[in-house]
Amino acid sequence: MAELHRTDNLKWDEYFMGIAKLSALRSKDPSTQVGACIVDGNHKVVSIGYNGMPRGIDDDTIPWGHGEGLDSKYLYVCHAEFNAILNTRDGSALKDCTIYVTLFPCNECAKAIVQVGIKRVIFADDKYHDNVEEQASRRILDMAGVSYSRYTGRGIDVKVK
């Protein structure tokens with residue numbers, strides 16, 4: 001009698017969210033690490049990214065706090081979704097893809113998601129749900145016909161802040 005295959009293996013959403021969570025661990029942000037994984041319709045990883053300083057900028061020269069004015073990290077950090085989009089060799093490869101991200105995208109990332117043709121967003125956390133940026137993000141995604149949903153798979157044992 002033939003041996004049966006495993007049935008407790010990771011489902012596609014679990015696998016790709018696991019990659020996003022693992023990517024988040026590359027971030028040097030002391031308070032929020034975010035990862036993203038972009039996947040095509042054939043379940044192929046097209047790109048990954050995490051939140052961090054732009055390439056070539058010394059991480060120690062820029063503030064990582066929530067400070068005011070030029071001392072705020074928000075003026076410098078590239079978000080995970082933005083990095084994943086920029087890390088793609090061929091931007092046209094993103095058309096109709098799905099992005100898995102550990103934190104719901106802000107309005108700026110939502111605009112980039114729409115511009116490159118990504119059609120689906122799967123997110124793990126939504127801690128800024130009521131912020132105006134995330135409200136605008138939902139409006140942008142809705143108007144562009146990009147679907148979004150909260151990740152509901154098994155917890156992947158990769159801890160991110």
# chains A, B, ... in the order shown; residues from 1 in each chain; ligands from 1
$ residues_around --residues "Leu86 in chain A" --least-positions-apart "6" --cutoff "12 Å" --atoms "only C-alpha atoms" --output "MDAnalysis selection string"
chainID A and resid 36 38 46:50 54:55 78:80 92:94 109 112:113 116
$ select_by_dssp --residues "range 44-144 of chain A" --states "helix (DSSP H, G or I)" --output "number ranges by chain"
A: 69-71, 73-75, 80-86, 91-94, 107-116, 132-144
$ atom_distance --atom1 "CA of Thr32 in chain A" --atom2 "CA of Thr88 in chain A"
23.5 Å
$ atom_distance --atom1 "CA of Val101 in chain A" --atom2 "CA of Tyr76 in chain A"
19.8 Å
$ atom_distance --atom1 "CA of Ala144 in chain A" --atom2 "CA of Tyr100 in chain A"
18.0 Å
$ select_by_dssp --residues "range 85-126 of chain A" --states "strand (DSSP E or B)" --output "list in words"
Thr98, Ile99, Tyr100, Val101, Thr102, Leu103, Arg120, Val121, Ile122, Phe123, Ala124 and Asp125 of chain A
$ closest_residue --among "A:Ala136, A:Cys97, A:Asp130, A:Leu103" --to "Ala20 in chain A" --atoms "only C-alpha atoms"
A:Leu103
$ residues_around --residues "Arg26 in chain A" --least-positions-apart "5" --cutoff "9 Å" --atoms "only C-alpha atoms" --output "list in words"
Gln33, Val34, Gly35, Gly49, Tyr50, Asn51 and Gly52 of chain A
$ closest_residue --among "A:Leu10, A:Ala110, A:Arg150, A:Asp125" --to "Ser137 in chain A" --atoms "only C-alpha atoms"
A:Ala110
$ closest_residue --among "A:Ile62, A:Thr152, A:Gly117, A:Asn9" --to "Tyr74 in chain A" --atoms "only C-alpha atoms"
A:Ile62
$ closest_residue --among "A:Lys28, A:Lys21, A:Arg139, A:Arg89" --to "Pro63 in chain A" --atoms "only C-alpha atoms"
A:Lys28
$ closest_residue --among "A:Glu68, A:Val146, A:Asp40, A:Ser27" --to "Met53 in chain A" --atoms "only C-alpha atoms"
A:Ser27
$ residues_around --residues "Glu14 in chain A" --least-positions-apart "2" --cutoff "9 Å" --atoms "only C-alpha atoms" --output "compact mmCIF listing (two decimals) with all heavy atoms, in the first residue's frame"
# COMPACT_ATOMS: atom_id res chain seq x y z
N LEU A 10 2.44 23.61 5.10
CA LEU A 10 1.99 25.00 5.00
C LEU A 10 1.14 25.21 3.75
O LEU A 10 1.47 24.72 2.67
CB LEU A 10 3.19 25.95 4.92
CG LEU A 10 4.07 26.08 6.15
CD1 LEU A 10 5.26 26.99 5.85
CD2 LEU A 10 3.28 26.63 7.32
N LYS A 11 0.06 25.95 3.90
CA LYS A 11 -0.75 26.37 2.77
C LYS A 11 -0.02 27.55 2.11
O LYS A 11 0.87 28.15 2.70
CB LYS A 11 -2.16 26.79 3.21
CG LYS A 11 -2.89 25.72 4.02
CD LYS A 11 -3.03 24.43 3.24
CE LYS A 11 -3.73 23.38 4.08
NZ LYS A 11 -3.09 22.09 4.05
N TRP A 12 -0.41 27.90 0.88
CA TRP A 12 0.28 28.97 0.18
C TRP A 12 0.29 30.27 0.98
O TRP A 12 1.34 30.91 1.12
CB TRP A 12 -0.32 29.21 -1.20
CG TRP A 12 0.04 28.13 -2.19
CD1 TRP A 12 -0.81 27.29 -2.82
CD2 TRP A 12 1.35 27.79 -2.66
NE1 TRP A 12 -0.11 26.44 -3.65
CE2 TRP A 12 1.22 26.73 -3.58
CE3 TRP A 12 2.63 28.28 -2.39
CZ2 TRP A 12 2.31 26.16 -4.22
CZ3 TRP A 12 3.72 27.71 -3.04
CH2 TRP A 12 3.55 26.66 -3.95
N PHE A 16 3.77 32.22 2.21
CA PHE A 16 4.17 33.56 1.77
C PHE A 16 4.14 34.57 2.91
O PHE A 16 4.99 35.46 2.97
CB PHE A 16 3.32 34.01 0.59
CG PHE A 16 3.51 33.13 -0.62
CD1 PHE A 16 2.42 32.60 -1.28
CD2 PHE A 16 4.78 32.82 -1.08
CE1 PHE A 16 2.58 31.78 -2.39
CE2 PHE A 16 4.96 32.00 -2.19
CZ PHE A 16 3.87 31.48 -2.84
N MET A 17 3.20 34.42 3.84
CA MET A 17 3.22 35.31 5.01
C MET A 17 4.44 34.99 5.88
O MET A 17 5.04 35.89 6.48
CB MET A 17 1.93 35.21 5.82
CG MET A 17 1.83 36.24 6.93
SD MET A 17 1.96 37.97 6.39
CE MET A 17 0.34 38.20 5.66
N GLY A 18 4.82 33.73 5.92
CA GLY A 18 6.04 33.36 6.65
C GLY A 18 7.27 34.02 6.05
O GLY A 18 8.15 34.50 6.77
N ILE A 19 7.34 34.10 4.72
CA ILE A 19 8.45 34.79 4.06
C ILE A 19 8.42 36.28 4.40
O ILE A 19 9.46 36.88 4.69
CB ILE A 19 8.40 34.57 2.53
CG1 ILE A 19 8.68 33.11 2.20
CG2 ILE A 19 9.38 35.50 1.82
CD1 ILE A 19 8.46 32.74 0.74
N TYR A 151 -4.80 38.22 7.01
CA TYR A 151 -4.27 36.87 7.00
C TYR A 151 -4.96 36.06 8.08
O TYR A 151 -5.07 36.49 9.23
CB TYR A 151 -2.76 36.93 7.24
CG TYR A 151 -2.14 35.60 7.46
CD1 TYR A 151 -1.98 34.70 6.41
CD2 TYR A 151 -1.68 35.21 8.72
CE1 TYR A 151 -1.40 33.47 6.61
CE2 TYR A 151 -1.09 33.98 8.92
CZ TYR A 151 -0.96 33.11 7.87
OH TYR A 151 -0.39 31.89 8.07
N THR A 152 -5.44 34.87 7.72
CA THR A 152 -6.16 34.04 8.68
C THR A 152 -5.55 32.65 8.84
O THR A 152 -6.15 31.80 9.47
CB THR A 152 -7.63 33.88 8.25
OG1 THR A 152 -7.67 33.30 6.94
CG2 THR A 152 -8.37 35.21 8.26
N GLY A 153 -4.37 32.44 8.27
CA GLY A 153 -3.74 31.13 8.36
C GLY A 153 -3.14 30.87 9.73
O GLY A 153 -3.29 31.65 10.66
N ARG A 154 -2.47 29.75 9.81
CA ARG A 154 -1.76 29.39 11.03
C ARG A 154 -0.73 30.45 11.38
O ARG A 154 -0.16 31.07 10.50
CB ARG A 154 -1.00 28.09 10.83
CG ARG A 154 -1.80 26.85 10.98
CD ARG A 154 -0.89 25.66 10.94
NE ARG A 154 -0.50 25.42 9.54
CZ ARG A 154 0.21 24.38 9.14
NH1 ARG A 154 0.65 23.50 10.00
NH2 ARG A 154 0.50 24.21 7.88
N GLY A 155 -0.51 30.60 12.67
CA GLY A 155 0.56 31.47 13.09
C GLY A 155 1.90 30.87 12.74
O GLY A 155 2.13 29.69 12.99
N ILE A 156 2.74 31.64 12.11
CA ILE A 156 4.07 31.18 11.77
C ILE A 156 4.98 31.67 12.89
O ILE A 156 4.96 32.83 13.25
CB ILE A 156 4.53 31.75 10.41
CG1 ILE A 156 3.51 31.43 9.31
CG2 ILE A 156 5.91 31.25 10.04
CD1 ILE A 156 3.27 29.97 9.06
$ closest_residue --among "A:Val121, A:Met143, A:Val114, A:Ile99" --to "Lys44 in chain A" --atoms "only C-alpha atoms"
A:Ile99
$ decode --residues "range 84-150 of chain A" --atoms "C-alpha atoms" --output "CSV table (one decimal), in the first residue's frame"
chain,number,residue,atom,x,y,z
A,84,ALA,CA,9.6,45.0,-2.5
A,85,ILE,CA,8.2,46.9,-5.5
A,86,LEU,CA,11.6,48.6,-6.1
A,87,ASN,CA,13.5,45.3,-5.7
A,88,THR,CA,11.8,43.8,-8.7
A,89,ARG,CA,13.9,43.5,-11.9
A,90,ASP,CA,11.0,43.9,-14.2
A,91,GLY,CA,8.1,46.2,-12.9
A,92,SER,CA,5.7,44.6,-15.4
A,93,ALA,CA,6.1,41.3,-13.6
A,94,LEU,CA,4.0,42.8,-10.7
A,95,LYS,CA,0.8,43.1,-12.8
A,96,ASP,CA,-2.0,41.0,-11.1
A,97,CYS,CA,0.3,39.8,-8.3
A,98,THR,CA,-0.5,39.4,-4.6
A,99,ILE,CA,1.5,41.2,-1.9
A,100,TYR,CA,1.8,39.6,1.6
A,101,VAL,CA,2.7,42.2,4.2
A,102,THR,CA,3.0,42.0,7.9
A,103,LEU,CA,1.4,45.5,8.4
A,104,PHE,CA,-1.5,47.0,6.5
A,105,PRO,CA,-0.1,49.4,3.9
A,106,CYS,CA,-0.1,53.2,4.3
A,107,ASN,CA,-1.5,55.5,1.7
A,108,GLU,CA,1.9,56.0,0.0
A,109,CYS,CA,2.4,52.3,-0.4
A,110,ALA,CA,-1.2,51.8,-1.5
A,111,LYS,CA,-0.5,54.2,-4.3
A,112,ALA,CA,2.6,52.3,-5.4
A,113,ILE,CA,0.7,49.0,-5.2
A,114,VAL,CA,-2.0,50.4,-7.5
A,115,GLN,CA,0.5,51.9,-9.9
A,116,VAL,CA,2.4,48.6,-10.5
A,117,GLY,CA,-0.8,46.6,-11.0
A,118,ILE,CA,-0.8,44.5,-7.8
A,119,LYS,CA,-4.4,43.2,-7.4
A,120,ARG,CA,-4.5,41.7,-3.9
A,121,VAL,CA,-3.1,42.6,-0.5
A,122,ILE,CA,-2.9,40.1,2.4
A,123,PHE,CA,-1.9,41.7,5.7
A,124,ALA,CA,-1.2,40.3,9.1
A,125,ASP,CA,-1.5,43.3,11.4
A,126,ASP,CA,-3.7,46.4,11.2
A,127,LYS,CA,-2.6,48.3,14.3
A,128,TYR,CA,-3.0,51.7,12.6
A,129,HIS,CA,-6.5,50.9,11.2
A,130,ASP,CA,-8.0,54.2,12.4
A,131,ASN,CA,-5.2,56.5,11.3
A,132,VAL,CA,-6.1,58.8,8.4
A,133,GLU,CA,-3.2,57.3,6.3
A,134,GLU,CA,-4.7,53.8,6.5
A,135,GLN,CA,-8.2,55.2,5.9
A,136,ALA,CA,-6.9,56.8,2.7
A,137,SER,CA,-5.1,53.6,1.8
A,138,ARG,CA,-8.4,51.6,2.0
A,139,ARG,CA,-10.1,54.3,-0.2
A,140,ILE,CA,-7.2,54.1,-2.7
A,141,LEU,CA,-7.3,50.3,-2.9
A,142,ASP,CA,-11.1,50.3,-3.1
A,143,MET,CA,-11.2,52.8,-5.9
A,144,ALA,CA,-8.6,50.9,-7.9
A,145,GLY,CA,-10.3,47.5,-7.4
A,146,VAL,CA,-7.5,46.0,-5.3
A,147,SER,CA,-8.8,43.5,-2.9
A,148,TYR,CA,-7.4,43.2,0.6
A,149,SER,CA,-7.9,40.9,3.5
A,150,ARG,CA,-6.4,40.0,6.8
